[in-house]
file start_32.tsv (TSV, C-alpha atoms and all ligand atoms)
chain	number	residue	atom	x	y	z
A	1	MET	CA	13.06	-26.68	20.14
A	2	GLU	CA	15.34	-27.89	17.30
A	3	GLU	CA	12.27	-29.31	15.56
A	4	ASN	CA	10.54	-25.90	15.91
A	5	ARG	CA	13.56	-24.16	14.40
A	6	GLN	CA	13.55	-26.54	11.43
A	7	GLN	CA	9.86	-25.81	10.87
A	8	LEU	CA	10.81	-22.16	10.19
A	9	HIS	CA	12.56	-23.25	6.99
A	10	ILE	CA	9.57	-25.04	5.49
A	11	PRO	CA	7.33	-22.68	3.49
A	12	ARG	CA	3.90	-22.52	5.13
A	13	SER	CA	0.78	-21.22	3.47
A	14	VAL	CA	-1.08	-18.31	4.99
A	15	ARG	CA	-4.51	-17.04	3.96
A	16	LEU	CA	-4.90	-13.30	3.54
A	17	ASP	CA	-7.46	-11.87	5.98
A	18	ARG	CA	-7.36	-8.25	4.91
A	19	ILE	CA	-5.59	-5.95	2.49
A	20	VAL	CA	-5.22	-2.21	3.02
A	21	ASP	CA	-4.33	0.43	0.41
A	22	GLU	CA	-1.73	2.46	2.32
A	23	THR	CA	-0.62	4.78	-0.55
A	24	PRO	CA	-1.26	4.69	-4.32
A	25	SER	CA	1.65	2.22	-4.75
A	26	ILE	CA	1.87	0.46	-1.36
A	27	ARG	CA	-0.51	-2.10	0.16
A	28	SER	CA	-0.37	-3.96	3.47
A	29	PHE	CA	-1.37	-7.66	3.57
A	30	TRP	CA	-2.49	-9.13	6.89
A	31	PHE	CA	-2.82	-12.77	7.95
A	32	SER	CA	-2.66	-14.94	11.03
A	33	ASP	CA	0.69	-16.57	11.82
A	34	THR	CA	1.77	-16.90	15.45
A	35	THR	CA	5.42	-17.52	14.48
A	36	LEU	CA	5.79	-14.34	12.42
A	37	HIS	CA	3.77	-12.43	15.03
A	38	GLN	CA	6.68	-13.08	17.42
A	39	ALA	CA	9.33	-11.70	15.02
A	40	SER	CA	11.66	-9.08	16.49
A	41	PRO	CA	11.78	-5.61	14.89
A	42	GLY	CA	14.01	-5.75	11.79
A	43	GLN	CA	13.54	-9.47	11.10
A	44	PHE	CA	12.24	-10.55	7.70
A	45	ALA	CA	10.22	-13.38	6.13
A	46	MET	CA	10.91	-15.05	2.78
A	47	VAL	CA	7.68	-14.70	0.78
A	48	TRP	CA	7.20	-17.22	-2.02
A	49	ILE	CA	4.88	-16.98	-5.00
A	50	PRO	CA	5.09	-20.39	-6.73
A	51	GLY	CA	6.13	-20.02	-10.36
A	52	VAL	CA	7.36	-16.46	-9.86
A	53	ASP	CA	10.10	-16.21	-7.19
A	54	GLU	CA	10.75	-15.81	-3.49
A	55	VAL	CA	11.80	-12.45	-1.97
A	56	PRO	CA	12.54	-11.11	1.52
A	57	MET	CA	9.98	-8.81	3.16
A	58	SER	CA	10.08	-7.05	6.52
A	59	VAL	CA	7.59	-8.39	9.03
A	60	LEU	CA	5.08	-6.09	10.68
A	61	ALA	CA	3.53	-7.41	13.89
A	62	ILE	CA	1.87	-4.60	15.81
A	63	HIS	CA	-1.75	-5.77	16.17
A	64	GLY	CA	-3.59	-8.62	17.90
A	65	LYS	CA	-2.25	-11.89	19.29
A	66	SER	CA	-1.31	-13.73	16.11
A	67	GLU	CA	-1.62	-11.23	13.27
A	68	ALA	CA	1.36	-10.45	11.05
A	69	GLY	CA	1.66	-8.36	7.93
A	70	VAL	CA	3.87	-7.52	5.00
A	71	VAL	CA	3.79	-4.13	3.30
A	72	ILE	CA	4.50	-4.27	-0.40
A	73	LYS	CA	5.48	-1.63	-2.90
A	74	LYS	CA	4.31	-2.51	-6.39
A	75	GLY	CA	7.24	-2.81	-8.79
A	76	GLY	CA	8.55	-5.91	-10.59
A	77	PRO	CA	7.18	-9.46	-11.00
A	78	VAL	CA	7.07	-10.73	-7.38
A	79	SER	CA	5.81	-7.55	-5.79
A	80	THR	CA	3.16	-7.15	-8.52
A	81	SER	CA	1.84	-10.70	-8.19
A	82	LEU	CA	1.65	-10.23	-4.40
A	83	TRP	CA	0.02	-6.84	-4.85
A	84	GLU	CA	-2.77	-8.33	-6.95
A	85	LYS	CA	-3.80	-10.91	-4.31
A	86	LYS	CA	-7.28	-10.70	-2.78
A	87	PRO	CA	-8.56	-11.50	0.73
A	88	GLY	CA	-8.90	-15.29	1.01
A	89	ASP	CA	-5.94	-15.94	-1.37
A	90	LEU	CA	-2.92	-17.91	-0.18
A	91	PHE	CA	0.76	-17.13	-0.24
A	92	TRP	CA	3.76	-18.91	1.25
A	93	ILE	CA	6.17	-17.70	3.87
A	94	ARG	CA	9.15	-18.99	5.83
A	95	GLY	CA	10.97	-17.37	8.73
A	96	PRO	CA	11.24	-15.03	10.59
A	97	TYR	CA	14.94	-14.71	9.89
A	98	GLY	CA	17.84	-12.36	10.46
A	99	HIS	CA	19.55	-10.31	13.07
A	100	PRO	CA	17.03	-7.72	14.37
A	101	TYR	CA	17.55	-4.20	15.70
A	102	SER	CA	19.04	-4.31	19.14
A	103	VAL	CA	16.66	-2.40	21.40
A	104	GLY	CA	19.28	-1.82	24.16
A	105	HIS	CA	18.88	0.60	27.06
A	106	HIS	CA	19.45	3.85	25.17
A	107	GLN	CA	16.89	6.48	26.19
A	108	LYS	CA	17.11	9.30	23.64
A	109	LEU	CA	16.56	7.88	20.19
A	110	LEU	CA	16.33	9.16	16.64
A	111	VAL	CA	14.43	6.89	14.22
A	112	VAL	CA	14.68	7.69	10.50
A	113	GLY	CA	12.63	5.93	7.81
A	114	GLY	CA	11.92	6.22	4.12
A	115	GLY	CA	9.47	4.33	1.86
A	116	THR	CA	8.76	0.72	2.90
A	117	GLY	CA	11.82	1.08	5.17
A	118	LEU	CA	9.34	2.45	7.67
A	119	VAL	CA	7.90	-1.07	8.15
A	120	PRO	CA	10.50	-2.53	10.56
A	121	LEU	CA	10.70	0.84	12.32
A	122	LEU	CA	7.00	0.70	13.29
A	123	SER	CA	7.60	-2.52	15.25
A	124	LEU	CA	10.62	-0.82	16.80
A	125	LEU	CA	8.52	2.17	17.92
A	126	VAL	CA	6.25	-0.23	19.82
A	127	HIS	CA	9.35	-1.58	21.66
A	128	PHE	CA	10.51	1.98	22.41
A	129	ARG	CA	7.33	3.01	24.26
A	130	GLY	CA	8.19	5.26	27.22
A	131	ARG	CA	11.55	6.41	25.82
A	132	ASP	CA	12.40	9.82	24.36
A	133	VAL	CA	11.92	9.15	20.63
A	134	THR	CA	11.98	11.41	17.57
A	135	LEU	CA	10.81	9.85	14.29
A	136	ILE	CA	11.56	11.43	10.91
A	137	THR	CA	9.91	10.05	7.79
A	138	GLY	CA	9.30	11.36	4.32
A	139	ALA	CA	8.12	10.82	0.78
A	140	ARG	CA	8.07	12.59	-2.55
A	141	THR	CA	4.58	13.98	-1.95
A	142	ALA	CA	1.82	13.93	0.73
A	143	ASN	CA	-0.23	10.95	-0.53
A	144	GLU	CA	2.89	8.76	-0.60
A	145	LEU	CA	3.58	9.20	3.13
A	146	LEU	CA	3.28	5.69	4.52
A	147	PHE	CA	1.25	5.09	7.74
A	148	LYS	CA	0.72	8.84	8.20
A	149	GLU	CA	-2.52	8.56	10.22
A	150	TRP	CA	-1.23	5.65	12.35
A	151	LEU	CA	1.93	7.62	13.17
A	152	ILE	CA	0.02	10.81	14.02
A	153	ASN	CA	-2.31	8.93	16.39
A	154	ASP	CA	0.47	6.83	17.89
A	155	SER	CA	2.71	9.87	18.47
A	156	LYS	CA	-0.10	11.58	20.41
A	157	GLU	CA	-0.94	8.49	22.45
A	158	HIS	CA	2.67	7.52	23.21
A	159	HIS	CA	4.29	10.95	23.25
A	160	PHE	CA	7.00	10.76	20.64
A	161	LYS	CA	8.09	13.59	18.37
A	162	LEU	CA	7.06	13.11	14.73
A	163	LEU	CA	8.56	15.00	11.79
A	164	PHE	CA	7.31	14.57	8.22
A	165	ALA	CA	9.18	15.75	5.15
A	166	THR	CA	8.02	15.86	1.53
A	167	ASP	CA	10.11	16.78	-1.52
A	168	ASP	CA	7.30	19.00	-2.88
A	169	GLY	CA	6.27	20.50	0.50
A	170	THR	CA	2.68	19.17	0.29
A	171	TYR	CA	2.92	17.89	3.90
A	172	GLY	CA	5.38	18.58	6.72
A	173	GLU	CA	8.73	20.21	5.96
A	174	LYS	CA	9.64	20.79	2.29
A	175	ASN	CA	12.93	18.97	2.47
A	176	GLN	CA	14.59	15.57	2.19
A	177	VAL	CA	14.73	13.29	5.21
A	178	PRO	CA	18.55	13.43	5.72
A	179	LYS	CA	18.42	17.25	5.68
A	180	VAL	CA	15.75	17.22	8.40
A	181	ALA	CA	17.86	14.72	10.37
A	182	GLU	CA	20.89	17.01	10.00
A	183	GLU	CA	18.91	19.97	11.40
A	184	VAL	CA	17.66	17.89	14.32
A	185	LEU	CA	21.16	16.59	15.08
A	186	GLN	CA	22.53	20.15	15.11
A	187	LYS	CA	20.12	21.02	17.93
A	188	GLU	CA	19.97	17.82	19.99
A	189	GLN	CA	22.19	14.95	21.07
A	190	PHE	CA	20.92	11.38	20.78
A	191	ASP	CA	22.14	8.11	22.32
A	192	ALA	CA	21.37	6.11	19.18
A	193	ILE	CA	19.98	6.37	15.65
A	194	TYR	CA	17.95	3.61	13.94
A	195	THR	CA	17.32	3.77	10.21
A	196	CYS	CA	15.79	1.84	7.31
A	197	GLY	CA	15.05	3.05	3.79
A	198	PRO	CA	16.80	3.67	0.48
A	199	GLU	CA	20.54	3.00	0.90
A	200	PRO	CA	21.72	6.48	-0.26
A	201	MET	CA	19.47	7.95	2.48
A	202	MET	CA	20.84	5.52	5.08
A	203	LYS	CA	24.46	6.30	4.06
A	204	LYS	CA	23.79	10.00	4.71
A	205	ILE	CA	22.24	9.16	8.09
A	206	TYR	CA	25.26	6.94	8.92
A	207	ASP	CA	27.65	9.80	7.99
A	208	LEU	CA	25.66	12.21	10.19
A	209	ALA	CA	25.81	9.69	13.05
A	210	MET	CA	29.59	9.36	12.68
A	211	THR	CA	29.99	13.17	12.75
A	212	ALA	CA	27.78	13.33	15.87
A	213	HIS	CA	29.69	10.38	17.48
A	214	CYS	CA	26.36	8.60	17.86
A	215	HIS	CA	25.64	4.83	17.84
A	216	VAL	CA	23.73	3.83	14.66
A	217	GLN	CA	21.86	0.75	13.42
A	218	VAL	CA	21.11	0.40	9.70
A	219	SER	CA	18.98	-2.26	7.96
A	220	LEU	CA	20.46	-3.25	4.58
A	221	GLU	CA	18.71	-4.64	1.50
A	222	ARG	CA	20.43	-7.04	-0.88
A	223	VAL	CA	19.38	-9.96	-3.12
A	224	PHE	CA	18.55	-12.86	-0.77
A	225	LYS	CA	18.15	-16.33	-2.25
A	226	CYS	CA	18.34	-18.82	0.63
A	227	GLY	CA	17.71	-16.22	3.37
A	228	VAL	CA	19.64	-18.34	5.89
A	229	GLY	CA	23.34	-17.70	5.20
A	230	ILE	CA	24.13	-20.57	2.84
A	231	CYS	CA	24.22	-19.29	-0.75
A	232	ALA	CA	26.19	-16.03	-0.21
A	233	ALA	CA	24.12	-14.10	-2.80
A	234	CYS	CA	23.96	-11.24	-0.27
A	235	VAL	CA	27.67	-11.09	0.66
A	236	ILE	CA	28.90	-7.62	1.63
A	237	GLY	CA	32.39	-7.08	3.07
A	238	PRO	CA	32.96	-9.94	5.52
A	239	TYR	CA	29.21	-10.39	6.16
A	240	LEU	CA	26.13	-12.10	4.73
A	241	VAL	CA	23.25	-9.63	4.95
A	242	CYS	CA	20.54	-12.30	5.43
A	243	HIS	CA	22.37	-14.07	8.27
A	244	ASP	CA	24.57	-11.46	9.97
A	245	GLY	CA	22.07	-8.64	9.24
A	246	PRO	CA	19.95	-7.21	7.82
A	247	VAL	CA	20.60	-4.84	10.75
A	248	PHE	CA	24.22	-3.73	11.20
A	249	THR	CA	25.97	-1.33	13.57
A	250	GLU	CA	28.61	1.31	12.80
A	251	ARG	CA	31.45	-1.13	13.62
A	252	GLU	CA	30.20	-3.64	11.03
A	253	LEU	CA	29.30	-0.97	8.46
A	254	SER	CA	32.83	0.47	8.63
A	255	ALA	CA	34.10	-2.91	7.33
A	256	MET	CA	31.85	-2.72	4.22
A	257	PRO	CA	33.31	-0.54	1.44
A	258	GLU	CA	30.20	-1.51	-0.60
A	259	PHE	CA	27.82	0.27	1.81
A	260	GLY	CA	26.34	3.26	-0.06
A	261	ASN	CA	28.32	2.43	-3.22
A	262	THR	CA	27.71	-0.97	-4.82
A	263	ARG	CA	25.47	-4.03	-4.60
A	264	ARG	CA	25.29	-7.37	-6.46
A	265	ASP	CA	22.81	-8.07	-9.26
A	266	LEU	CA	20.87	-11.35	-9.54
A	267	SER	CA	23.94	-13.05	-11.13
A	268	GLY	CA	26.20	-11.96	-8.26
A	269	LYS	CA	28.04	-9.29	-10.27
A	270	LYS	CA	28.94	-6.08	-8.41
A	271	ILE	CA	27.11	-3.08	-9.85
A	272	PRO	CA	26.64	0.55	-8.78
A	273	LEU	CA	23.94	0.91	-6.13
A	274	GLY	CA	21.44	2.75	-8.36
A	275	ALA	CA	21.73	0.41	-11.40
A	276	GLY	CA	18.88	-2.00	-12.38
A	277	HIS	CA	18.98	-5.82	-12.10
B	301	LIG	C1	15.52	-7.46	4.49
B	301	LIG	C2	14.63	-6.97	3.37
B	301	LIG	C3	13.37	-6.48	3.66
B	301	LIG	C4	12.54	-6.04	2.64
B	301	LIG	N1	11.30	-5.55	2.97
B	301	LIG	C5	10.48	-5.11	2.00
B	301	LIG	C6	9.19	-4.59	2.33
B	301	LIG	O1	8.80	-4.53	3.50
B	301	LIG	N2	8.39	-4.19	1.30
B	301	LIG	C7	8.80	-4.23	-0.02
B	301	LIG	O2	8.02	-3.84	-0.92
B	301	LIG	N3	10.03	-4.70	-0.35
B	301	LIG	C8	10.86	-5.14	0.62
B	301	LIG	N4	12.10	-5.64	0.28
B	301	LIG	C9	12.47	-5.68	-1.15
B	301	LIG	C10	11.91	-6.95	-1.81
B	301	LIG	O3	12.59	-8.10	-1.34
B	301	LIG	C11	12.11	-6.96	-3.34
B	301	LIG	O4	13.41	-6.54	-3.65
B	301	LIG	C12	11.15	-6.02	-3.98
B	301	LIG	O5	9.82	-6.44	-3.69
B	301	LIG	C13	11.35	-5.95	-5.49
B	301	LIG	O6	10.82	-7.08	-6.07
B	301	LIG	P1	10.09	-6.97	-7.48
B	301	LIG	O7	9.30	-8.20	-7.74
B	301	LIG	O8	9.37	-5.66	-7.54
B	301	LIG	O9	11.25	-7.05	-8.47
B	301	LIG	P2	12.33	-6.13	-9.16
B	301	LIG	O10	12.97	-5.15	-8.20
B	301	LIG	O11	11.85	-5.64	-10.46
B	301	LIG	O12	13.36	-7.33	-9.38
B	301	LIG	C14	13.18	-8.34	-10.39
B	301	LIG	C15	13.29	-9.72	-9.78
B	301	LIG	O13	14.53	-9.84	-9.09
B	301	LIG	C16	14.37	-10.68	-7.95
B	301	LIG	N5	14.65	-9.88	-6.74
B	301	LIG	C17	14.49	-8.55	-6.58
B	301	LIG	N6	14.84	-8.18	-5.33
B	301	LIG	C18	15.23	-9.29	-4.70
B	301	LIG	C19	15.73	-9.55	-3.38
B	301	LIG	N7	15.91	-8.57	-2.46
B	301	LIG	N8	16.06	-10.82	-3.08
B	301	LIG	C20	15.89	-11.83	-3.98
B	301	LIG	N9	15.43	-11.65	-5.24
B	301	LIG	C21	15.11	-10.39	-5.60
B	301	LIG	C22	12.95	-11.17	-7.97
B	301	LIG	O14	12.83	-12.35	-8.74
B	301	LIG	C23	12.25	-10.04	-8.70
B	301	LIG	O15	11.01	-10.39	-9.21
B	301	LIG	C24	12.97	-6.09	1.29
B	301	LIG	C25	14.26	-6.58	0.99
B	301	LIG	C26	15.07	-7.01	2.01
B	301	LIG	C27	16.44	-7.54	1.68
call {"tool": "encode", "arguments": {"input": "start_32.tsv", "output": "structure tokens", "more": "lines below"}}
Ligand SMILES: Cc1cc2nc3c(=O)[nH]c(=O)nc-3n(C[C@H](O)[C@H](O)[C@H](O)COP(=O)(O)OP(=O)(O)OC[C@H]3O[C@@H](n4cnc5c(N)ncnc54)[C@H](O)[C@@H]3O)c2cc1C
result
Amino acid sequence: MEENRQQLHIPRSVRLDRIVDETPSIRSFWFSDTTLHQASPGQFAMVWIPGVDEVPMSVLAIHGKSEAGVVIKKGGPVSTSLWEKKPGDLFWIRGPYGHPYSVGHHQKLLVVGGGTGLVPLLSLLVHFRGRDVTLITGARTANELLFKEWLINDSKEHHFKLLFATDDGTYGEKNQVPKVAEEVLQKEQFDAIYTCGPEPMMKKIYDLAMTAHCHVQVSLERVFKCGVGICAACVIGPYLVCHDGPVFTERELSAMPEFGNTRRDLSGKKIPLGAGH
């Protein structure tokens, strides 16, 4: 058992089986790895591109017996070099790591995602089968809605309520995700809210949850170096996001003045949330 746990920390190579264009700027990369396949919703892997860097990525494990995936938005150096990989290429992973969403026994659930934040929420939806779930997700415009077809089919098959929002109104409601969540929360009471996406969006969802006196779980993003709670690059309030999170509850979030306000750049300096590296 201890030996198995230590194995998690050693980067292992995986060969890409298939790559899917999900939106113009987001691709999913699928490979076989029985360890990552068993990750809990909200856990992450450290993905290493030798000579470039290593970054955390949410794990998606919703198909097959050993398949796992990462879903990558093209941006800076690491994400771009991953994005350009082809089937048959190798990359290196370690993990899964981190404190996942707690699935609990709540029955009436609101799930709110934005951008690649939808990735851990898909695994969560699979765990929530049979419960009364409403999912809200959005994007700037229709062709940027991530996993649209999968969600439409899954919502029909597993009977959950699905609400899309786009900023330009090209699909679903012409509105921003927190506004749609606010409307939903004015009409219905939920036992718990689960969210992942851009931090300003999650802060609004957290505030709505506090107003509605509703339990909330939020998955935070920070710079992770070690990924295992040693280097403290991801310190926030009294917590290390990689080790104590990335998923936190309202009690923990209330002890983080940084939540929704500041983060640390690559040197560890505190900077406003929206500022670059
Ligand atoms: C728990 C968690 C889950 C994530 N899941 C996803 C996901 O599913 N899909 C996705 O596209 N992104 C995800 N991210 C974000 C991802 O880790 C990178 O921040 C993102 O890919 C940006 O990298 P980049 O190469 O585009 O660099 P830029 O944002 O341009 O940053 C420049 C450089 O800074 C360093 N850097 C940037 N972000 C981080 C980081 N978080 N930790 C350590 N070093 C960093 C890297 O060297 C990077 O090349 C997740 C982050 C966290 C914390």
call {"tool": "residues_around", "arguments": {"input": "start_32.tsv", "residues": "A:Thr141", "least_positions_apart": "3", "cutoff": "8 Å", "atoms": "all atoms listed in the file", "output": "VMD selection string"}}
result
chain A and resid 144 to 145 166 to 171
call {"tool": "closest_residue", "arguments": {"input": "start_32.tsv", "among": "A:Val228, A:Ala142, A:Ile152, A:Val55", "to": "A:Ser79", "atoms": "all atoms listed in the file"}}
result
A:Val55
call {"tool": "residues_around", "arguments": {"input": "start_32.tsv", "residues": "A:Ile49", "least_positions_apart": "4", "cutoff": "7 Å", "atoms": "all atoms listed in the file", "output": "CSV table (one decimal) with C-alpha atoms, in the coordinates of the input"}}
result
chain,number,residue,atom,x,y,z
A,53,ASP,CA,10.1,-16.2,-7.2
A,54,GLU,CA,10.8,-15.8,-3.5
A,91,PHE,CA,0.8,-17.1,-0.2
A,92,TRP,CA,3.8,-18.9,1.2
call {"tool": "closest_residue", "arguments": {"input": "start_32.tsv", "among": "A:Tyr206, A:Gly95, A:Val59, A:Arg263", "to": "A:Asn4", "atoms": "only C-alpha atoms"}}
result
A:Gly95
call {"tool": "residues_around", "arguments": {"input": "start_32.tsv", "residues": "stretch 218-224 of chain A", "least_positions_apart": "3", "cutoff": "6 Å", "atoms": "only C-alpha atoms", "output": "PyMOL selection string"}}
result
chain A and resi 195-196+227+234+246-248
call {"tool": "residues_around", "arguments": {"input": "start_32.tsv", "residues": "A:Phe190", "least_positions_apart": "4", "cutoff": "7 Å", "atoms": "all atoms listed in the file", "output": "VMD selection string"}}
result
chain A and resid 108 to 110 214
call {"tool": "residues_around", "arguments": {"input": "start_32.tsv", "residues": "A:Glu67", "least_positions_apart": "6", "cutoff": "7 Å", "atoms": "all atoms listed in the file", "output": "count of residues only"}}
result
7
call {"tool": "atom_distance", "arguments": {"input": "start_32.tsv", "atom1": "atom CA of A:Gly51", "atom2": "atom CA of A:Ile10"}}
result
17.0 Å
call {"tool": "residues_near_ligand", "arguments": {"input": "start_32.tsv", "ligand": "ligand LIG 301 (chain B)", "cutoff": "9 Å", "atoms": "all atoms listed in the file", "output": "PyMOL selection string"}}
result
chain A and resi 26-27+42-47+52-60+70-82+98+115-120+219-227+233-234+241-242+245-247+265-266+276-277
call {"tool": "closest_residue", "arguments": {"input": "start_32.tsv", "among": "A:Gln186, A:Thr249, A:Ser254, A:Asn143", "to": "A:Tyr101", "atoms": "only C-alpha atoms"}}
result
A:Thr249
call {"tool": "atom_distance", "arguments": {"input": "start_32.tsv", "atom1": "atom CA of A:Pro238", "atom2": "atom CA of A:Tyr194"}}
result
21.9 Å
call {"tool": "atom_distance", "arguments": {"input": "start_32.tsv", "atom1": "atom CA of A:Pro178", "atom2": "atom CA of A:Ala192"}}
result
15.6 Å
call {"tool": "residues_near_point", "arguments": {"input": "start_32.tsv", "point": "(28.8, -4.5, -0.7)", "cutoff": "9 Å", "atoms": "all atoms listed in the file", "output": "ChimeraX atom specification"}}
result
/A:222,234-237,256-264,270
call {"tool": "closest_residue", "arguments": {"input": "start_32.tsv", "among": "A:Ala212, A:His105, A:Val126, A:Pro200", "to": "A:Gly274", "atoms": "all atoms listed in the file"}}
result
A:Pro200
call {"tool": "axis_aligned_box", "arguments": {"input": "start_32.tsv", "around": "stretch 169-183 of chain A", "padding_each_side": "4 Å", "output": "JSON"}}
result
{"center_x": 11.8, "center_y": 17.0, "center_z": 5.8, "size_x": 26.2, "size_y": 15.5, "size_z": 19.1}
call {"tool": "closest_residue", "arguments": {"input": "start_32.tsv", "among": "A:Ala232, A:Ala209, A:Leu125, A:Val133", "to": "A:Ile62", "atoms": "only C-alpha atoms"}}
result
A:Leu125
call {"tool": "closest_residue", "arguments": {"input": "start_32.tsv", "among": "A:Gly114, A:His63, A:Leu124, A:Val216", "to": "A:Ser40", "atoms": "only C-alpha atoms"}}
result
A:Leu124
call {"tool": "decode", "arguments": {"input": "start_32.tsv", "residues": "stretch 35-48 of chain A", "atoms": "N, CA, C and O atoms", "output": "PDB file, in the first residue's frame"}}
result
ATOM      1  N   THR A  35      -4.542   4.037 -12.679  1.00  0.00           N
ATOM      2  CA  THR A  35      -4.470   4.827 -11.436  1.00  0.00           C
ATOM      3  C   THR A  35      -5.264   6.116 -11.585  1.00  0.00           C
ATOM      4  O   THR A  35      -6.083   6.456 -10.711  1.00  0.00           O
ATOM      5  N   LEU A  36      -5.052   6.843 -12.677  1.00  0.00           N
ATOM      6  CA  LEU A  36      -5.822   8.094 -12.851  1.00  0.00           C
ATOM      7  C   LEU A  36      -7.298   7.794 -13.089  1.00  0.00           C
ATOM      8  O   LEU A  36      -8.160   8.586 -12.699  1.00  0.00           O
ATOM      9  N   HIS A  37      -7.585   6.649 -13.709  1.00  0.00           N
ATOM     10  CA  HIS A  37      -8.986   6.288 -13.961  1.00  0.00           C
ATOM     11  C   HIS A  37      -9.767   6.231 -12.641  1.00  0.00           C
ATOM     12  O   HIS A  37     -10.974   6.474 -12.612  1.00  0.00           O
ATOM     13  N   GLN A  38      -9.048   5.898 -11.551  1.00  0.00           N
ATOM     14  CA  GLN A  38      -9.725   5.770 -10.253  1.00  0.00           C
ATOM     15  C   GLN A  38      -9.763   7.077  -9.459  1.00  0.00           C
ATOM     16  O   GLN A  38     -10.172   7.106  -8.306  1.00  0.00           O
ATOM     17  N   ALA A  39      -9.309   8.192 -10.069  1.00  0.00           N
ATOM     18  CA  ALA A  39      -9.319   9.479  -9.360  1.00  0.00           C
ATOM     19  C   ALA A  39     -10.746   9.848  -8.966  1.00  0.00           C
ATOM     20  O   ALA A  39     -11.696   9.541  -9.686  1.00  0.00           O
ATOM     21  N   SER A  40     -10.872  10.526  -7.832  1.00  0.00           N
ATOM     22  CA  SER A  40     -12.194  11.012  -7.411  1.00  0.00           C
ATOM     23  C   SER A  40     -12.462  12.355  -8.077  1.00  0.00           C
ATOM     24  O   SER A  40     -11.513  13.085  -8.400  1.00  0.00           O
ATOM     25  N   PRO A  41     -13.749  12.725  -8.244  1.00  0.00           N
ATOM     26  CA  PRO A  41     -14.069  13.990  -8.912  1.00  0.00           C
ATOM     27  C   PRO A  41     -13.436  15.170  -8.166  1.00  0.00           C
ATOM     28  O   PRO A  41     -13.606  15.302  -6.949  1.00  0.00           O
ATOM     29  N   GLY A  42     -12.695  16.001  -8.903  1.00  0.00           N
ATOM     30  CA  GLY A  42     -12.040  17.169  -8.288  1.00  0.00           C
ATOM     31  C   GLY A  42     -10.558  16.952  -8.059  1.00  0.00           C
ATOM     32  O   GLY A  42      -9.829  17.902  -7.793  1.00  0.00           O
ATOM     33  N   GLN A  43     -10.091  15.693  -8.170  1.00  0.00           N
ATOM     34  CA  GLN A  43      -8.646  15.463  -8.011  1.00  0.00           C
ATOM     35  C   GLN A  43      -7.924  15.873  -9.288  1.00  0.00           C
ATOM     36  O   GLN A  43      -8.526  15.972 -10.357  1.00  0.00           O
ATOM     37  N   PHE A  44      -6.615  16.108  -9.165  1.00  0.00           N
ATOM     38  CA  PHE A  44      -5.845  16.572 -10.318  1.00  0.00           C
ATOM     39  C   PHE A  44      -4.611  15.692 -10.502  1.00  0.00           C
ATOM     40  O   PHE A  44      -4.221  14.955  -9.587  1.00  0.00           O
ATOM     41  N   ALA A  45      -4.023  15.804 -11.720  1.00  0.00           N
ATOM     42  CA  ALA A  45      -2.727  15.159 -11.997  1.00  0.00           C
ATOM     43  C   ALA A  45      -1.717  16.261 -12.261  1.00  0.00           C
ATOM     44  O   ALA A  45      -2.085  17.350 -12.712  1.00  0.00           O
ATOM     45  N   MET A  46      -0.445  16.020 -11.961  1.00  0.00           N
ATOM     46  CA  MET A  46       0.610  16.927 -12.406  1.00  0.00           C
ATOM     47  C   MET A  46       1.067  16.398 -13.767  1.00  0.00           C
ATOM     48  O   MET A  46       1.417  15.219 -13.894  1.00  0.00           O
ATOM     49  N   VAL A  47       1.005  17.254 -14.783  1.00  0.00           N
ATOM     50  CA  VAL A  47       1.345  16.862 -16.154  1.00  0.00           C
ATOM     51  C   VAL A  47       2.664  17.546 -16.522  1.00  0.00           C
ATOM     52  O   VAL A  47       2.779  18.768 -16.437  1.00  0.00           O
ATOM     53  N   TRP A  48       3.643  16.729 -16.901  1.00  0.00           N
ATOM     54  CA  TRP A  48       5.007  17.222 -17.116  1.00  0.00           C
ATOM     55  C   TRP A  48       5.389  17.128 -18.588  1.00  0.00           C
ATOM     56  O   TRP A  48       5.239  16.053 -19.197  1.00  0.00           O
TER      57      TRP A  48
END
